[in-house]
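> Quick one: the structure is below, questions incoming.
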Amino acid sequence: MSNAIKKILKEPDLLQQVTKRCFDSVDTDKSGRIETKELKDILIQISMDFKAEPPTDEEVKGVLDQLDTDHSGTVELKEFEVLIADLLKAMLDQ
């Protein structure tokens with residue numbers, strides 16, 4: 001699995017494809033943006049996968065603020081790619 005992750009991280013087109021698939025599954029209302037509730041839902045799932053405590057509302061807001069580089073109050077696809085890349089890197093370190 002680590003070779004597949006490394007390949008995704010090295011190939012921008014592949015990272016974009018993976019990001020789009022993940023984004024579409026998180027964007028449950030199909031608005032083209034990830035709102036706070038959708039972000040919280042995915043962060044809870046990720047915390048379960050990593051056997052960590054679920055995020056607090058304050059932590060979710062912190063992640064949103066960090067990802068939301070255009071300050072729209074939501075996370076768009078390009079911003080979401082940063083989260084996916086970080087998660088993949090964390091999986092390599094596990």
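Letters A, B, ... mark the chains of the structure tokens in the order given; residue numbers begin at 1 per chain; ligand numbers begin at 1, in order shown.
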Excluding segment 54-64 of chain A and any residue of its chain fewer than 2 positions from it, enumerate the residues within 12 Å of it, using only C-alpha atoms, and give them as a PDB file with C-alpha atoms, in the first residue's frame.

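out23.pdb written:
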ATOM      1  CA  ARG A  33     -18.207  22.916  -1.732  1.00  0.00           C
ATOM      2  CA  ILE A  34     -17.650  21.180   1.573  1.00  0.00           C
ATOM      3  CA  GLU A  35     -19.490  22.928   4.361  1.00  0.00           C
ATOM      4  CA  THR A  36     -18.696  22.672   8.074  1.00  0.00           C
ATOM      5  CA  LYS A  37     -21.039  19.732   8.747  1.00  0.00           C
ATOM      6  CA  GLU A  38     -19.630  17.724   5.850  1.00  0.00           C
ATOM      7  CA  LEU A  39     -16.079  18.483   6.998  1.00  0.00           C
ATOM      8  CA  LYS A  40     -16.942  17.442  10.549  1.00  0.00           C
ATOM      9  CA  ASP A  41     -18.433  14.166   9.311  1.00  0.00           C
ATOM     10  CA  ILE A  42     -15.283  13.262   7.377  1.00  0.00           C
ATOM     11  CA  LEU A  43     -12.973  14.303  10.225  1.00  0.00           C
ATOM     12  CA  ILE A  44     -14.941  12.067  12.593  1.00  0.00           C
ATOM     13  CA  GLN A  45     -14.537   9.177  10.152  1.00  0.00           C
ATOM     14  CA  ILE A  46     -10.816   9.852   9.814  1.00  0.00           C
ATOM     15  CA  SER A  47     -10.378   9.995  13.587  1.00  0.00           C
ATOM     16  CA  MET A  48     -12.112   6.605  13.863  1.00  0.00           C
ATOM     17  CA  ASP A  49      -9.808   5.185  11.180  1.00  0.00           C
ATOM     18  CA  PHE A  50      -6.777   6.426  13.109  1.00  0.00           C
ATOM     19  CA  LYS A  51      -8.287   5.300  16.441  1.00  0.00           C
ATOM     20  CA  ALA A  52      -8.214   8.869  17.737  1.00  0.00           C
ATOM     21  CA  GLN A  66      -6.626  26.260   7.686  1.00  0.00           C
ATOM     22  CA  LEU A  67      -7.972  24.708   4.476  1.00  0.00           C
ATOM     23  CA  ASP A  68     -10.170  27.625   3.422  1.00  0.00           C
ATOM     24  CA  THR A  69      -7.462  29.736   1.830  1.00  0.00           C
ATOM     25  CA  ASP A  70      -9.938  31.909  -0.099  1.00  0.00           C
ATOM     26  CA  HIS A  71     -11.925  32.628   3.101  1.00  0.00           C
ATOM     27  CA  SER A  72     -15.244  31.595   1.543  1.00  0.00           C
ATOM     28  CA  GLY A  73     -16.361  29.691   4.629  1.00  0.00           C
ATOM     29  CA  THR A  74     -16.271  26.403   2.706  1.00  0.00           C
ATOM     30  CA  VAL A  75     -13.646  24.072   1.262  1.00  0.00           C
ATOM     31  CA  GLU A  76     -13.412  23.834  -2.496  1.00  0.00           C
ATOM     32  CA  GLU A  79      -8.294  23.347  -1.006  1.00  0.00           C
ATOM     33  CA  PHE A  80      -9.438  19.793  -0.193  1.00  0.00           C
ATOM     34  CA  VAL A  82      -4.178  19.759   0.680  1.00  0.00           C
ATOM     35  CA  LEU A  83      -6.081  17.665   3.235  1.00  0.00           C
TER      36      LEU A  83
END
> Pick out each residue of segment 20-90 of chain A that DSSP on the backbone tags as alpha helix (DSSP H); I need them as an MDAnalysis selection string.
chainID A and resid 20:26 36:49 57:67 77:90
> Name the closest residue to Lys78 of chain A among the candidates A:Glu11, A:Gln17, A:Ile5, A:Ser25; distances are taken between atoms, counting only C-alpha atoms.
A:Gln17
> Neighbours of Asn3 of chain A within 12 Å (only C-alpha atoms; same-chain residues fewer than 2 positions away dropped), as an MDAnalysis selection string?
chainID A and resid 1 5:10 88:89 91:92
> Tell me, in Å to one decimal, how far atom CA of Thr19 of chain A is from atom CA of Ala85 of chain A.
8.5 Å
